[in-house]
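Enquirer: One structure, as structure tokens, below. Some questions next.
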Amino acid sequence: MKILVTGTAGFIGSHLAIKLLHRGDEVVGLDSINDYYDQNVKYGRVQRGGIIENLEDGKDIKYNELLTSSTFPNYKFIKLELEDKENIDKLFKEEKFDKVVNLAAQAGVRYSLTNPSAYISSNIEGFMNILEACRHNDIKGLSYASSSSVYGLNESQPFSTGSNVDHPMSLYAASKKSNELMAHTYSHLYDIPTTGLRFFTVYGPWGRPDMALYLFTKAIIENKTIDVFNYGEMQRDFTYIDDIVEGIIRVNDNPPKGNKEWDGKNPDPSSSPAPYKIYNIGNNNPVKLMDFIEALEKKIGKTAKKNMLPIQAGDVPSTYADVSDLIADLNYKPQTSIEDGINNFVDWYVEFFKIDLEKI
């Protein structure tokens with residue numbers, strides 16, 4: 001297939017692009033490479049595995065400068081914002097994609113408290129441009145990133161896609177719920193198969209520098225204090241990156257056809273008579289934050305200095321994914337242990353930053 005993957009300088013998008021390329025798909029990667037966090041990590045993701053050769057940090061890439069790697073001749077990369085409707089439309093028209101995986105978005109719960117407009121432009125306006133482009137270019141399936149954050153004030157666990165998610169706790173979460181609603185509208189009106197993926201705390205090599213694992217690892221190695229929110233009384237359904245990618249690929253290969261048993265008098269929020277579906281992708285095994293930190297300390301061989309703090313605005317104390325639909329429909333369940341995942345991340349971190357753990 002020929003697949004557009006947006007957000008390919010991002011954590012999940014870069015891993016997905018490489019997996020698709022290795023199995024023989026033709027991939028066009030798109031990313032704005034903004035400065036939300038360290039751009040060196042973003043360019044490092046784009047360059048890894050020889051995807052793009054000789055890409056200079058900060059180079060301005062125009063629309064027609066599609067970079068092709070000798071390692072992956074079936075890959076092209078373009079620096080482009082989702083908000084640029086004119087060039088998004090041009091890209092779809094010229095490349096004639098079979099399917100689209102939209103992972104590009106303004107991420108981060110806490111950042112949305114101070115920079116709300118970034119979420120409207122990227123996550124709402126940008127996603128609208130993707131939907132319109134799919135509508136006018138005969139796209140056979142759109143998979144897109146939602147988030148476990150949509151569960152908001154919902155305290156019924158494990159979080160089920162059949163539950164109400166009308167009480168978000170951040171604008172980031174609200175933007176992701178909006179994406180699900182927008183996608184359903186286009187599935188209903190234009191018969192576009194759309195699948196929303198509620199990711200649960202993704203972690204692993206090449207992870208985001210604003211996420212806990214990265215921040216904790218950096219602080220422990222540098223002998224600095226880590227901030228532990230809610231006084232450590234937090235649980236997260238940490239999900240390893242390889243498990244997330246496998247889930248995306250299975251979903252993308254099996255676009256929804258519509259639920260013939262859907263009942264408007266007792267509506268299932270996760271499906272529809274239209275070709276629309278929502279899945280949780282989580283490890284189905286919440287881990288206590290203090291256990292997570294302990295596993296990290298064990299791998300690094302050093303005890304963390306901890307600053308115990310109250311819970312932050314927009315945060316939820318616990319996440320726990322019900323993945324029964326994923327198992328029933330796609331015969332798949334994430335299963336990487338937290339110990340294996342943390343060990344793999346630390347191995348990557350010390351290699352990327354050239355750190356000798358025996359000398360810290």
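So you can find residues: chains in the structure tokens are A, B, ... in the order shown, residues in each start at 1, and ligands are numbered from 1 in order.
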Which polymer residues have any atom within 12 Å of an atom of Ser156 (chain A), counting only C-alpha atoms, with same-chain residues fewer than 3 positions away left out, as an mmCIF file with N, CA, C and O atoms, in the first residue's frame?
Expert:
data_model
loop_
_atom_site.group_PDB
_atom_site.id
_atom_site.type_symbol
_atom_site.label_atom_id
_atom_site.label_comp_id
_atom_site.auth_asym_id
_atom_site.auth_seq_id
_atom_site.Cartn_x
_atom_site.Cartn_y
_atom_site.Cartn_z
ATOM 1 N N TYR A 151 -10.838 10.107 28.672
ATOM 2 C CA TYR A 151 -11.675 9.557 29.735
ATOM 3 C C TYR A 151 -11.890 10.556 30.865
ATOM 4 O O TYR A 151 -12.858 10.435 31.630
ATOM 5 N N GLY A 152 -11.024 11.535 31.005
ATOM 6 C CA GLY A 152 -11.259 12.659 31.904
ATOM 7 C C GLY A 152 -11.692 12.284 33.302
ATOM 8 O O GLY A 152 -11.016 11.556 34.012
ATOM 9 N N LEU A 153 -12.869 12.794 33.695
ATOM 10 C CA LEU A 153 -13.378 12.580 35.043
ATOM 11 C C LEU A 153 -13.962 11.183 35.270
ATOM 12 O O LEU A 153 -14.342 10.840 36.386
ATOM 13 N N PHE A 159 -10.911 1.549 31.762
ATOM 14 C CA PHE A 159 -11.574 2.456 30.838
ATOM 15 C C PHE A 159 -12.048 1.686 29.614
ATOM 16 O O PHE A 159 -11.267 1.025 28.938
ATOM 17 N N SER A 160 -13.335 1.809 29.329
ATOM 18 C CA SER A 160 -13.932 1.093 28.200
ATOM 19 C C SER A 160 -14.349 2.072 27.110
ATOM 20 O O SER A 160 -14.848 3.163 27.397
ATOM 21 N N THR A 161 -14.162 1.668 25.860
ATOM 22 C CA THR A 161 -14.585 2.514 24.739
ATOM 23 C C THR A 161 -16.103 2.632 24.681
ATOM 24 O O THR A 161 -16.634 3.476 23.954
ATOM 25 N N GLY A 162 -16.797 1.806 25.447
ATOM 26 C CA GLY A 162 -18.246 1.911 25.519
ATOM 27 C C GLY A 162 -18.731 2.902 26.556
ATOM 28 O O GLY A 162 -19.928 3.126 26.705
ATOM 29 N N SER A 163 -17.783 3.520 27.289
ATOM 30 C CA SER A 163 -18.142 4.453 28.360
ATOM 31 C C SER A 163 -18.289 5.883 27.835
ATOM 32 O O SER A 163 -17.757 6.244 26.777
ATOM 33 N N ASN A 164 -18.964 6.694 28.624
ATOM 34 C CA ASN A 164 -19.121 8.114 28.312
ATOM 35 C C ASN A 164 -17.788 8.832 28.496
ATOM 36 O O ASN A 164 -17.077 8.610 29.479
ATOM 37 N N VAL A 165 -17.439 9.705 27.553
ATOM 38 C CA VAL A 165 -16.197 10.497 27.663
ATOM 39 C C VAL A 165 -16.502 11.972 27.395
ATOM 40 O O VAL A 165 -15.821 12.638 26.630
ATOM 41 N N SER A 318 -5.163 7.829 37.670
ATOM 42 C CA SER A 318 -4.991 6.446 37.236
ATOM 43 C C SER A 318 -5.544 6.230 35.831
ATOM 44 O O SER A 318 -6.548 6.839 35.451
ATOM 45 N N THR A 319 -4.861 5.379 35.053
ATOM 46 C CA THR A 319 -5.389 4.943 33.756
ATOM 47 C C THR A 319 -5.268 3.422 33.663
ATOM 48 O O THR A 319 -4.317 2.832 34.186
ATOM 49 N N TYR A 320 -6.228 2.825 32.976
ATOM 50 C CA TYR A 320 -6.282 1.366 32.883
ATOM 51 C C TYR A 320 -7.143 1.030 31.663
ATOM 52 O O TYR A 320 -8.339 1.322 31.645
ATOM 53 N N ALA A 321 -6.546 0.421 30.664
ATOM 54 C CA ALA A 321 -7.226 0.198 29.388
ATOM 55 C C ALA A 321 -7.960 -1.137 29.334
ATOM 56 O O ALA A 321 -7.373 -2.185 29.612
ATOM 57 N N ASP A 322 -9.216 -1.088 28.955
ATOM 58 C CA ASP A 322 -9.960 -2.278 28.572
ATOM 59 C C ASP A 322 -9.692 -2.501 27.076
ATOM 60 O O ASP A 322 -10.052 -1.665 26.247
#
Enquirer: DSSP on the backbone: what in region 204-245 of chain A comes out helix (DSSP H, G or I), as a PyMOL selection string?
Expert: chain A and resi 212-221+229-232+241-245
Enquirer: Based on the selection just made, write N, CA, C and O atoms of those residues as a compact mmCIF listing (two decimals), in the first residue's frame.
Expert:
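Saved file again_18.txt follows:
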# COMPACT_ATOMS: atom_id res chain seq x y z
N ALA A 212 7.49 11.39 31.38
CA ALA A 212 8.09 11.05 32.67
C ALA A 212 9.34 10.19 32.55
O ALA A 212 10.35 10.45 33.21
N LEU A 213 9.31 9.16 31.72
CA LEU A 213 10.44 8.24 31.65
C LEU A 213 11.71 8.97 31.20
O LEU A 213 12.79 8.77 31.76
N TYR A 214 11.59 9.82 30.21
CA TYR A 214 12.72 10.58 29.71
C TYR A 214 13.22 11.56 30.79
O TYR A 214 14.42 11.65 31.07
N LEU A 215 12.28 12.29 31.39
CA LEU A 215 12.64 13.27 32.41
C LEU A 215 13.30 12.60 33.62
O LEU A 215 14.30 13.09 34.15
N PHE A 216 12.73 11.48 34.05
CA PHE A 216 13.28 10.77 35.21
C PHE A 216 14.67 10.23 34.91
O PHE A 216 15.58 10.34 35.73
N THR A 217 14.83 9.63 33.75
CA THR A 217 16.13 9.06 33.38
C THR A 217 17.21 10.14 33.35
O THR A 217 18.30 9.97 33.91
N LYS A 218 16.89 11.24 32.71
CA LYS A 218 17.84 12.35 32.61
C LYS A 218 18.23 12.87 33.99
O LYS A 218 19.41 13.09 34.30
N ALA A 219 17.21 13.07 34.84
CA ALA A 219 17.47 13.63 36.18
C ALA A 219 18.29 12.68 37.04
O ALA A 219 19.22 13.10 37.73
N ILE A 220 17.96 11.40 37.02
CA ILE A 220 18.69 10.43 37.85
C ILE A 220 20.15 10.35 37.41
O ILE A 220 21.06 10.36 38.24
N ILE A 221 20.39 10.31 36.12
CA ILE A 221 21.75 10.23 35.61
C ILE A 221 22.54 11.49 35.97
O ILE A 221 23.73 11.42 36.29
N PHE A 229 4.47 13.53 41.18
CA PHE A 229 3.18 14.17 41.44
C PHE A 229 2.19 13.24 42.15
O PHE A 229 2.32 12.01 42.10
N ASN A 230 1.23 13.86 42.77
CA ASN A 230 0.23 13.16 43.59
C ASN A 230 0.91 12.32 44.67
O ASN A 230 0.38 11.29 45.08
N TYR A 231 2.07 12.78 45.09
CA TYR A 231 2.85 12.13 46.15
C TYR A 231 3.12 10.64 45.83
O TYR A 231 3.21 9.81 46.73
N GLY A 232 3.21 10.36 44.53
CA GLY A 232 3.50 9.01 44.09
C GLY A 232 2.28 8.12 43.96
O GLY A 232 2.40 6.98 43.49
N ILE A 241 6.27 1.03 22.94
CA ILE A 241 6.12 1.55 21.59
C ILE A 241 5.91 0.46 20.54
O ILE A 241 5.08 0.62 19.63
N ASP A 242 6.62 -0.67 20.64
CA ASP A 242 6.45 -1.73 19.63
C ASP A 242 5.03 -2.30 19.66
O ASP A 242 4.48 -2.67 18.61
N ASP A 243 4.44 -2.36 20.85
CA ASP A 243 3.06 -2.84 20.97
C ASP A 243 2.09 -1.86 20.34
O ASP A 243 1.10 -2.26 19.70
N ILE A 244 2.36 -0.58 20.53
CA ILE A 244 1.51 0.45 19.92
C ILE A 244 1.57 0.36 18.40
O ILE A 244 0.54 0.38 17.71
N VAL A 245 2.76 0.24 17.85
CA VAL A 245 2.94 0.17 16.39
C VAL A 245 2.24 -1.05 15.82
O VAL A 245 1.57 -0.97 14.78
Enquirer: Between CA of Ser324 (chain A) and CA of Pro158 (chain A), what is the spacing in Å?
Expert: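 Here the two named atoms are 10.4 Å from each other.
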Enquirer: Can you tell me, as an MDAnalysis selection string, what residues are no more than 9 Å from Ser149 (chain A) when counting only C-alpha atoms, ignoring any on the same chain fewer than 6 positions away?
Expert: chainID A and resid 109 168:170 172:174 176:177 198:200 315:316 319
Enquirer: Go ahead and save the picked residues with all heavy atoms, as a short mmCIF file (atom, residue, chain, number, x, y, z; two decimals), in the first residue's frame.
Expert:
data_model
loop_
_atom_site.label_atom_id
_atom_site.label_comp_id
_atom_site.auth_asym_id
_atom_site.auth_seq_id
_atom_site.Cartn_x
_atom_site.Cartn_y
_atom_site.Cartn_z
N VAL A 109 -0.63 17.26 27.88
CA VAL A 109 -1.73 17.76 28.70
C VAL A 109 -1.36 19.09 29.35
O VAL A 109 -2.11 20.06 29.28
CB VAL A 109 -2.12 16.72 29.78
CG1 VAL A 109 -3.07 17.34 30.80
CG2 VAL A 109 -2.75 15.49 29.13
N PRO A 168 -13.84 15.95 29.68
CA PRO A 168 -12.38 16.06 29.60
C PRO A 168 -11.83 16.99 30.67
O PRO A 168 -12.52 17.90 31.14
CB PRO A 168 -12.15 16.61 28.20
CG PRO A 168 -13.41 17.34 27.86
CD PRO A 168 -14.51 16.56 28.51
N MET A 169 -10.56 16.80 31.03
CA MET A 169 -9.93 17.60 32.06
C MET A 169 -8.86 18.55 31.51
O MET A 169 -8.19 19.24 32.27
CB MET A 169 -9.30 16.68 33.12
CG MET A 169 -10.34 15.85 33.87
SD MET A 169 -9.58 14.65 35.00
CE MET A 169 -8.76 15.73 36.17
N SER A 170 -8.68 18.55 30.20
CA SER A 170 -7.73 19.45 29.56
C SER A 170 -8.19 19.73 28.14
O SER A 170 -8.98 18.97 27.57
CB SER A 170 -6.33 18.84 29.52
OG SER A 170 -6.30 17.72 28.64
N TYR A 172 -6.29 19.56 25.60
CA TYR A 172 -5.71 18.47 24.80
C TYR A 172 -6.70 17.32 24.68
O TYR A 172 -6.98 16.82 23.59
CB TYR A 172 -4.41 17.99 25.43
CG TYR A 172 -3.89 16.70 24.82
CD1 TYR A 172 -3.39 16.68 23.53
CD2 TYR A 172 -3.92 15.51 25.55
CE1 TYR A 172 -2.93 15.49 22.96
CE2 TYR A 172 -3.44 14.33 25.00
CZ TYR A 172 -2.95 14.32 23.71
OH TYR A 172 -2.50 13.15 23.16
N ALA A 173 -7.25 16.90 25.82
CA ALA A 173 -8.23 15.81 25.81
C ALA A 173 -9.47 16.19 25.01
O ALA A 173 -10.01 15.37 24.25
CB ALA A 173 -8.61 15.44 27.24
N ALA A 174 -9.92 17.42 25.17
CA ALA A 174 -11.10 17.88 24.43
C ALA A 174 -10.84 17.87 22.92
O ALA A 174 -11.73 17.52 22.12
CB ALA A 174 -11.48 19.29 24.88
N LYS A 176 -8.87 15.82 21.34
CA LYS A 176 -8.88 14.44 20.88
C LYS A 176 -10.30 13.87 20.80
O LYS A 176 -10.63 13.12 19.88
CB LYS A 176 -8.01 13.59 21.81
CG LYS A 176 -6.52 13.87 21.66
CD LYS A 176 -6.04 13.62 20.24
CE LYS A 176 -4.56 13.76 20.07
NZ LYS A 176 -4.12 13.51 18.68
N LYS A 177 -11.13 14.21 21.77
CA LYS A 177 -12.54 13.81 21.69
C LYS A 177 -13.19 14.45 20.46
O LYS A 177 -13.98 13.82 19.75
CB LYS A 177 -13.27 14.23 22.97
CG LYS A 177 -14.80 14.07 22.92
CD LYS A 177 -15.23 12.61 22.80
CE LYS A 177 -16.74 12.49 22.61
NZ LYS A 177 -17.53 12.93 23.76
N ARG A 198 -7.06 5.22 21.02
CA ARG A 198 -6.79 5.85 22.31
C ARG A 198 -5.55 5.22 22.92
O ARG A 198 -5.61 4.14 23.50
CB ARG A 198 -8.01 5.69 23.24
CG ARG A 198 -9.23 6.46 22.74
CD ARG A 198 -10.45 6.22 23.61
NE ARG A 198 -11.62 6.97 23.11
CZ ARG A 198 -12.86 6.80 23.54
NH1 ARG A 198 -13.11 5.92 24.51
NH2 ARG A 198 -13.85 7.52 23.04
N PHE A 199 -4.43 5.90 22.76
CA PHE A 199 -3.15 5.41 23.26
C PHE A 199 -3.04 5.64 24.76
O PHE A 199 -3.43 6.69 25.27
CB PHE A 199 -2.00 6.12 22.57
CG PHE A 199 -1.93 5.92 21.09
CD1 PHE A 199 -1.64 6.98 20.24
CD2 PHE A 199 -2.16 4.68 20.52
CE1 PHE A 199 -1.57 6.82 18.88
CE2 PHE A 199 -2.09 4.49 19.15
CZ PHE A 199 -1.81 5.57 18.32
N PHE A 200 -2.46 4.67 25.45
CA PHE A 200 -2.25 4.76 26.90
C PHE A 200 -0.75 4.88 27.18
O PHE A 200 0.00 3.94 26.97
CB PHE A 200 -2.84 3.55 27.61
CG PHE A 200 -4.33 3.62 27.80
CD1 PHE A 200 -5.18 3.52 26.72
CD2 PHE A 200 -4.87 3.79 29.07
CE1 PHE A 200 -6.56 3.60 26.89
CE2 PHE A 200 -6.24 3.86 29.25
CZ PHE A 200 -7.10 3.77 28.17
N ASP A 315 -4.26 16.43 35.18
CA ASP A 315 -3.82 15.04 35.32
C ASP A 315 -4.92 14.17 35.94
O ASP A 315 -5.72 14.65 36.75
CB ASP A 315 -2.58 14.96 36.22
CG ASP A 315 -1.30 15.18 35.44
OD1 ASP A 315 -1.38 15.30 34.21
OD2 ASP A 315 -0.23 15.23 36.07
N VAL A 316 -4.92 12.91 35.58
CA VAL A 316 -5.80 11.94 36.23
C VAL A 316 -4.93 11.02 37.09
O VAL A 316 -3.78 10.75 36.74
CB VAL A 316 -6.61 11.11 35.20
CG1 VAL A 316 -7.54 12.02 34.42
CG2 VAL A 316 -5.69 10.35 34.26
N THR A 319 -4.86 5.38 35.05
CA THR A 319 -5.39 4.94 33.76
C THR A 319 -5.27 3.42 33.66
O THR A 319 -4.32 2.83 34.19
CB THR A 319 -4.64 5.59 32.58
OG1 THR A 319 -3.27 5.18 32.59
CG2 THR A 319 -4.74 7.10 32.64
#
Enquirer: Applying 12 Å and only C-alpha atoms, which residues near Arg23 (chain A) remain after dropping the ones on its own chain fewer than 5 positions away? List them as a list in words.
Expert: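 Result of the neighbour search: Met1, Leu16, Ala17, Ile18, Phe72, Asn74 and Ile249 of chain A.
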